[in-house]
>>> print(open('input.cif').read())   # mmCIF, C-alpha atoms
data_data
#
loop_
_atom_site.label_atom_id
_atom_site.label_comp_id
_atom_site.auth_asym_id
_atom_site.auth_seq_id
_atom_site.Cartn_x
_atom_site.Cartn_y
_atom_site.Cartn_z
CA MET A 169 -148.51 -97.92 -120.07
CA ARG A 170 -146.61 -96.34 -117.19
CA ASN A 171 -146.66 -97.78 -113.73
CA LYS A 172 -147.79 -94.97 -111.44
CA GLU A 173 -146.65 -94.96 -107.82
CA PRO A 174 -148.90 -93.48 -105.21
CA ALA A 175 -147.87 -89.91 -104.25
CA ILE A 176 -146.81 -91.04 -100.78
CA PHE A 177 -143.94 -93.11 -102.23
CA SER A 178 -142.95 -90.57 -104.86
CA ARG A 179 -139.53 -88.98 -104.81
CA HIS A 180 -140.96 -85.68 -105.87
CA PRO A 181 -143.57 -83.86 -103.83
CA ALA A 182 -147.02 -83.66 -105.28
CA PRO A 183 -147.84 -80.37 -107.01
CA GLY A 184 -148.83 -77.79 -104.40
CA ALA A 185 -147.28 -79.73 -101.48
CA GLN A 186 -144.73 -77.94 -99.33
CA SER A 187 -141.42 -79.53 -98.47
CA GLY A 188 -139.79 -78.94 -95.06
CA PHE A 189 -140.12 -79.88 -91.42
CA THR A 190 -143.30 -79.92 -89.42
CA LEU A 191 -143.59 -77.96 -86.20
CA LEU A 192 -143.56 -81.20 -84.21
CA GLU A 193 -140.27 -82.30 -85.78
CA VAL A 194 -138.67 -78.92 -85.02
CA MET A 195 -139.91 -78.99 -81.40
CA ILE A 196 -138.58 -82.52 -80.85
CA SER A 197 -135.17 -81.62 -82.29
CA ILE A 198 -134.98 -78.49 -80.09
CA ALA A 199 -135.90 -80.57 -77.02
CA ILE A 200 -133.16 -83.11 -77.83
CA ILE A 201 -130.56 -80.38 -78.38
CA GLY A 202 -131.63 -78.67 -75.13
CA ALA A 203 -131.30 -81.88 -73.15
CA LEU A 204 -127.84 -82.49 -74.61
CA LEU A 205 -126.73 -78.94 -73.76
CA VAL A 206 -128.00 -79.21 -70.17
CA THR A 207 -126.12 -82.50 -69.76
CA LEU A 208 -122.96 -81.03 -71.27
CA ILE A 209 -123.03 -77.92 -69.05
CA TYR A 210 -123.69 -79.98 -65.90
CA THR A 211 -120.83 -82.36 -66.74
CA LEU A 212 -118.46 -79.48 -67.48
CA ASN A 213 -119.26 -77.72 -64.19
CA TYR A 214 -118.87 -80.96 -62.25
CA HIS A 215 -115.46 -81.69 -63.72
CA LEU A 216 -114.27 -78.10 -63.28
CA GLY A 217 -115.18 -78.37 -59.59
CA ILE A 218 -113.18 -81.58 -59.28
CA ALA A 219 -110.19 -79.98 -61.02
CA GLU A 220 -110.35 -76.96 -58.69
CA ARG A 221 -110.52 -79.21 -55.61
CA HIS A 222 -107.53 -81.23 -56.80
CA SER A 223 -105.59 -78.04 -57.40
CA THR A 224 -106.38 -76.81 -53.87
CA VAL A 225 -105.45 -80.13 -52.25
CA THR A 226 -102.20 -80.36 -54.24
CA LEU A 227 -101.14 -76.84 -53.31
CA ALA A 228 -102.09 -77.37 -49.65
CA THR A 229 -99.98 -80.55 -49.60
CA ILE A 230 -96.98 -78.72 -51.06
CA LEU A 231 -97.34 -75.91 -48.50
CA ALA A 232 -97.65 -78.44 -45.65
CA LYS A 233 -94.48 -80.22 -46.81
CA GLU A 234 -92.63 -76.87 -46.88
CA LYS A 235 -93.84 -76.11 -43.36
CA ILE A 236 -92.68 -79.55 -42.12
CA TYR A 237 -89.28 -78.91 -43.71
CA GLU A 238 -89.06 -75.59 -41.82
CA MET A 239 -90.04 -77.32 -38.57
CA GLU A 240 -87.35 -79.98 -38.94
CA ASN A 241 -84.75 -77.27 -38.30
CA SER A 242 -86.64 -75.35 -35.61
CA PRO A 243 -89.69 -77.18 -34.27
CA LYS A 244 -92.19 -74.78 -32.73
CA GLU A 245 -95.94 -74.50 -32.44
CA GLY A 246 -97.73 -71.78 -34.32
CA LYS A 247 -100.59 -70.80 -36.55
CA GLY A 248 -101.24 -68.23 -39.23
CA PHE A 249 -101.62 -67.59 -42.92
CA PHE A 250 -99.08 -68.14 -45.66
CA PRO A 251 -97.65 -65.07 -47.44
CA GLU A 252 -98.96 -63.93 -50.83
CA PRO A 253 -99.91 -65.45 -53.24
CA TYR A 254 -101.13 -68.17 -50.84
CA ALA A 255 -102.86 -65.87 -48.36
CA ASP A 256 -106.04 -68.00 -48.56
CA TYR A 257 -104.24 -70.93 -46.94
CA TYR A 258 -104.22 -71.19 -43.13
CA TYR A 259 -101.80 -73.39 -41.18
CA GLU A 260 -101.39 -74.76 -37.66
CA THR A 261 -98.27 -76.50 -36.42
CA SER A 262 -97.74 -78.54 -33.26
CA VAL A 263 -94.92 -80.45 -31.62
CA ALA A 264 -95.57 -83.39 -29.30
CA SER A 265 -93.54 -86.05 -27.57
CA SER A 266 -93.43 -89.37 -29.33
CA SER A 267 -93.70 -92.86 -27.86
CA PHE A 268 -90.29 -93.50 -29.41
CA PRO A 269 -87.39 -92.44 -27.16
CA GLY A 270 -85.50 -89.39 -28.36
CA MET A 271 -88.13 -88.52 -31.00
CA SER A 272 -90.73 -85.77 -31.34
CA ALA A 273 -93.80 -85.74 -33.57
CA ILE A 274 -94.43 -82.62 -35.61
CA ASP A 275 -97.89 -82.09 -37.09
CA VAL A 276 -98.91 -79.59 -39.74
CA MET A 277 -102.46 -78.79 -40.79
CA VAL A 278 -103.13 -76.62 -43.85
CA ARG A 279 -106.67 -75.48 -44.67
CA LYS A 280 -108.35 -73.54 -47.45
CA GLY A 281 -112.12 -73.30 -47.20
CA LYS A 282 -113.45 -76.76 -46.42
CA GLU A 283 -110.36 -78.59 -47.72
CA GLU A 284 -107.87 -79.64 -45.04
CA ILE A 285 -104.54 -81.47 -45.24
CA ARG A 286 -102.72 -82.94 -42.20
CA LEU A 287 -99.14 -84.18 -42.32
CA SER A 288 -97.04 -85.64 -39.51
CA GLU A 289 -93.38 -86.53 -39.17
CA LEU A 290 -91.07 -87.89 -36.49
CA ILE A 291 -87.85 -85.99 -35.82
CA LEU A 292 -84.99 -86.35 -33.39
CA LYS A 293 -85.39 -84.24 -30.27
CA ALA A 294 -83.06 -81.28 -30.06
CA GLN A 295 -80.21 -81.99 -27.64
#
>>> encode(input="input.cif", output="structure tokens")
Amino acid sequence: MRNKEPAIFSRHPAPGAQSGFTLLEVMISIAIIGALLVTLIYTLNYHLGIAERHSTVTLATILAKEKIYEMENSPKEGKGFFPEPYADYYYETSVASSSFPGMSAIDVMVRKGKEEIRLSELILKAQ
């Protein structure tokens, strides 16, 4: 005599039964995949924004250092935009007396959008 398992535990579907996923299972899997995609897109956009900001700050710092180097030779106040391809970057330079005798303070501010970099340096006063 054979030991018969109930159809629920059988490895083979009962005759006439359909194999596949139910609508509820498909909807749950689509909801999980959708949530993962939304999280992935949000994270990607967030990190791209951070990378763009770091790029802007780095380039503004390099431009400010170049402007300070120019001002070491001929310190003068001024403002304006950098030449192409950095026409989006605005600068302001200033020269002020320092509390140290024989020294001047040069300040450079470089701005692009809401990002702003300020650098200062002490130089010997021109004789």
>>> resolve_selection(input="input.cif", expression="the PyMOL selection byres ((chain A and resi 232) around 7)", output="list in words")
Ala228, Thr229, Ile230, Leu231, Lys233, Glu234, Lys235, Ile236, Val276, Met277, Val278 and Leu287 of chain A
>>> atom_distance(input="input.cif", atom1="CA of Gly246 in chain A", atom2="CA of Lys282 in chain A")
20.5 Å
>>> atom_distance(input="input.cif", atom1="CA of Pro269 in chain A", atom2="CA of Lys244 in chain A")
19.1 Å
>>> atom_distance(input="input.cif", atom1="CA of Tyr257 in chain A", atom2="CA of Ile218 in chain A")
18.6 Å
>>> closest_residue(input="input.cif", among="A:His215, A:Lys247, A:Leu290, A:Ile196", to="Ser267 in chain A", atoms="only C-alpha atoms")
A:Leu290
>>> residues_around(input="input.cif", residues="Glu220 in chain A", least_positions_apart="6", cutoff="12 Å", atoms="only C-alpha atoms", output="PyMOL selection string")
chain A and resi 213-214+226-227+280+283
>>> closest_residue(input="input.cif", among="A:Leu192, A:Tyr258, A:Pro251, A:Met239", to="Glu289 in chain A", atoms="all atoms listed in the file")
A:Met239
>>> axis_aligned_box(input="input.cif", around="range 220-228 of chain A", padding_each_side="4 Å", output="JSON")
{"center_x": -105.8, "center_y": -79.0, "center_z": -54.2, "size_x": 17.4, "size_y": 12.4, "size_z": 17.0}
>>> build_atoms(input="input.cif", residues="range 262-286 of chain A", atoms="N, CA, C and O atoms", output="PDB file, in the coordinates of the input")
ATOM      1  N   SER A 262     -97.851 -78.105 -34.643  1.00  0.00           N
ATOM      2  CA  SER A 262     -97.740 -78.540 -33.260  1.00  0.00           C
ATOM      3  C   SER A 262     -96.576 -79.513 -33.130  1.00  0.00           C
ATOM      4  O   SER A 262     -96.216 -80.195 -34.090  1.00  0.00           O
ATOM      5  N   VAL A 263     -96.018 -79.541 -31.934  1.00  0.00           N
ATOM      6  CA  VAL A 263     -94.920 -80.450 -31.620  1.00  0.00           C
ATOM      7  C   VAL A 263     -95.337 -81.234 -30.386  1.00  0.00           C
ATOM      8  O   VAL A 263     -95.786 -80.653 -29.397  1.00  0.00           O
ATOM      9  N   ALA A 264     -95.177 -82.540 -30.429  1.00  0.00           N
ATOM     10  CA  ALA A 264     -95.570 -83.390 -29.300  1.00  0.00           C
ATOM     11  C   ALA A 264     -94.509 -84.458 -29.076  1.00  0.00           C
ATOM     12  O   ALA A 264     -93.754 -84.810 -29.986  1.00  0.00           O
ATOM     13  N   SER A 265     -94.457 -84.948 -27.865  1.00  0.00           N
ATOM     14  CA  SER A 265     -93.540 -86.050 -27.570  1.00  0.00           C
ATOM     15  C   SER A 265     -94.036 -87.306 -28.262  1.00  0.00           C
ATOM     16  O   SER A 265     -95.236 -87.516 -28.423  1.00  0.00           O
ATOM     17  N   SER A 266     -93.103 -88.129 -28.629  1.00  0.00           N
ATOM     18  CA  SER A 266     -93.430 -89.370 -29.330  1.00  0.00           C
ATOM     19  C   SER A 266     -93.272 -90.539 -28.370  1.00  0.00           C
ATOM     20  O   SER A 266     -92.588 -90.450 -27.350  1.00  0.00           O
ATOM     21  N   SER A 267     -93.864 -91.651 -28.682  1.00  0.00           N
ATOM     22  CA  SER A 267     -93.700 -92.860 -27.860  1.00  0.00           C
ATOM     23  C   SER A 267     -92.333 -93.488 -28.110  1.00  0.00           C
ATOM     24  O   SER A 267     -91.928 -94.374 -27.375  1.00  0.00           O
ATOM     25  N   PHE A 268     -91.633 -93.017 -29.134  1.00  0.00           N
ATOM     26  CA  PHE A 268     -90.290 -93.500 -29.410  1.00  0.00           C
ATOM     27  C   PHE A 268     -89.280 -92.639 -28.652  1.00  0.00           C
ATOM     28  O   PHE A 268     -89.332 -91.416 -28.717  1.00  0.00           O
ATOM     29  N   PRO A 269     -88.346 -93.228 -27.934  1.00  0.00           N
ATOM     30  CA  PRO A 269     -87.390 -92.440 -27.160  1.00  0.00           C
ATOM     31  C   PRO A 269     -86.514 -91.566 -28.059  1.00  0.00           C
ATOM     32  O   PRO A 269     -86.049 -91.999 -29.105  1.00  0.00           O
ATOM     33  N   GLY A 270     -86.351 -90.322 -27.636  1.00  0.00           N
ATOM     34  CA  GLY A 270     -85.500 -89.390 -28.360  1.00  0.00           C
ATOM     35  C   GLY A 270     -86.139 -88.803 -29.611  1.00  0.00           C
ATOM     36  O   GLY A 270     -85.464 -88.166 -30.416  1.00  0.00           O
ATOM     37  N   MET A 271     -87.443 -89.001 -29.798  1.00  0.00           N
ATOM     38  CA  MET A 271     -88.130 -88.520 -31.000  1.00  0.00           C
ATOM     39  C   MET A 271     -89.284 -87.600 -30.606  1.00  0.00           C
ATOM     40  O   MET A 271     -89.885 -87.760 -29.561  1.00  0.00           O
ATOM     41  N   SER A 272     -89.560 -86.643 -31.476  1.00  0.00           N
ATOM     42  CA  SER A 272     -90.730 -85.770 -31.340  1.00  0.00           C
ATOM     43  C   SER A 272     -91.583 -85.904 -32.582  1.00  0.00           C
ATOM     44  O   SER A 272     -91.075 -86.167 -33.678  1.00  0.00           O
ATOM     45  N   ALA A 273     -92.874 -85.702 -32.433  1.00  0.00           N
ATOM     46  CA  ALA A 273     -93.800 -85.740 -33.570  1.00  0.00           C
ATOM     47  C   ALA A 273     -94.180 -84.307 -33.917  1.00  0.00           C
ATOM     48  O   ALA A 273     -94.616 -83.551 -33.045  1.00  0.00           O
ATOM     49  N   ILE A 274     -93.984 -83.937 -35.162  1.00  0.00           N
ATOM     50  CA  ILE A 274     -94.430 -82.620 -35.610  1.00  0.00           C
ATOM     51  C   ILE A 274     -95.642 -82.824 -36.521  1.00  0.00           C
ATOM     52  O   ILE A 274     -95.663 -83.728 -37.348  1.00  0.00           O
ATOM     53  N   ASP A 275     -96.648 -82.011 -36.311  1.00  0.00           N
ATOM     54  CA  ASP A 275     -97.890 -82.090 -37.090  1.00  0.00           C
ATOM     55  C   ASP A 275     -98.136 -80.747 -37.745  1.00  0.00           C
ATOM     56  O   ASP A 275     -97.951 -79.701 -37.119  1.00  0.00           O
ATOM     57  N   VAL A 276     -98.564 -80.798 -38.992  1.00  0.00           N
ATOM     58  CA  VAL A 276     -98.910 -79.590 -39.740  1.00  0.00           C
ATOM     59  C   VAL A 276    -100.280 -79.792 -40.351  1.00  0.00           C
ATOM     60  O   VAL A 276    -100.565 -80.832 -40.954  1.00  0.00           O
ATOM     61  N   MET A 277    -101.139 -78.798 -40.173  1.00  0.00           N
ATOM     62  CA  MET A 277    -102.460 -78.790 -40.790  1.00  0.00           C
ATOM     63  C   MET A 277    -102.545 -77.553 -41.664  1.00  0.00           C
ATOM     64  O   MET A 277    -102.243 -76.453 -41.223  1.00  0.00           O
ATOM     65  N   VAL A 278    -102.930 -77.733 -42.924  1.00  0.00           N
ATOM     66  CA  VAL A 278    -103.130 -76.620 -43.850  1.00  0.00           C
ATOM     67  C   VAL A 278    -104.571 -76.685 -44.330  1.00  0.00           C
ATOM     68  O   VAL A 278    -105.062 -77.749 -44.720  1.00  0.00           O
ATOM     69  N   ARG A 279    -105.250 -75.532 -44.320  1.00  0.00           N
ATOM     70  CA  ARG A 279    -106.670 -75.480 -44.670  1.00  0.00           C
ATOM     71  C   ARG A 279    -106.937 -74.322 -45.625  1.00  0.00           C
ATOM     72  O   ARG A 279    -106.391 -73.235 -45.485  1.00  0.00           O
ATOM     73  N   LYS A 280    -107.788 -74.593 -46.598  1.00  0.00           N
ATOM     74  CA  LYS A 280    -108.350 -73.540 -47.450  1.00  0.00           C
ATOM     75  C   LYS A 280    -109.816 -73.883 -47.639  1.00  0.00           C
ATOM     76  O   LYS A 280    -110.159 -74.905 -48.225  1.00  0.00           O
ATOM     77  N   GLY A 281    -110.678 -73.022 -47.125  1.00  0.00           N
ATOM     78  CA  GLY A 281    -112.120 -73.300 -47.200  1.00  0.00           C
ATOM     79  C   GLY A 281    -112.438 -74.565 -46.438  1.00  0.00           C
ATOM     80  O   GLY A 281    -112.081 -74.725 -45.278  1.00  0.00           O
ATOM     81  N   LYS A 282    -113.093 -75.509 -47.095  1.00  0.00           N
ATOM     82  CA  LYS A 282    -113.450 -76.760 -46.420  1.00  0.00           C
ATOM     83  C   LYS A 282    -112.428 -77.867 -46.663  1.00  0.00           C
ATOM     84  O   LYS A 282    -112.559 -78.949 -46.116  1.00  0.00           O
ATOM     85  N   GLU A 283    -111.408 -77.601 -47.461  1.00  0.00           N
ATOM     86  CA  GLU A 283    -110.360 -78.590 -47.720  1.00  0.00           C
ATOM     87  C   GLU A 283    -109.280 -78.481 -46.647  1.00  0.00           C
ATOM     88  O   GLU A 283    -108.847 -77.385 -46.303  1.00  0.00           O
ATOM     89  N   GLU A 284    -108.863 -79.625 -46.108  1.00  0.00           N
ATOM     90  CA  GLU A 284    -107.870 -79.640 -45.040  1.00  0.00           C
ATOM     91  C   GLU A 284    -106.894 -80.782 -45.268  1.00  0.00           C
ATOM     92  O   GLU A 284    -107.296 -81.896 -45.592  1.00  0.00           O
ATOM     93  N   ILE A 285    -105.601 -80.477 -45.094  1.00  0.00           N
ATOM     94  CA  ILE A 285    -104.540 -81.470 -45.240  1.00  0.00           C
ATOM     95  C   ILE A 285    -103.779 -81.529 -43.919  1.00  0.00           C
ATOM     96  O   ILE A 285    -103.427 -80.494 -43.352  1.00  0.00           O
ATOM     97  N   ARG A 286    -103.515 -82.751 -43.428  1.00  0.00           N
ATOM     98  CA  ARG A 286    -102.720 -82.940 -42.200  1.00  0.00           C
ATOM     99  C   ARG A 286    -101.539 -83.842 -42.526  1.00  0.00           C
ATOM    100  O   ARG A 286    -101.715 -84.922 -43.089  1.00  0.00           O
TER     101      ARG A 286
END
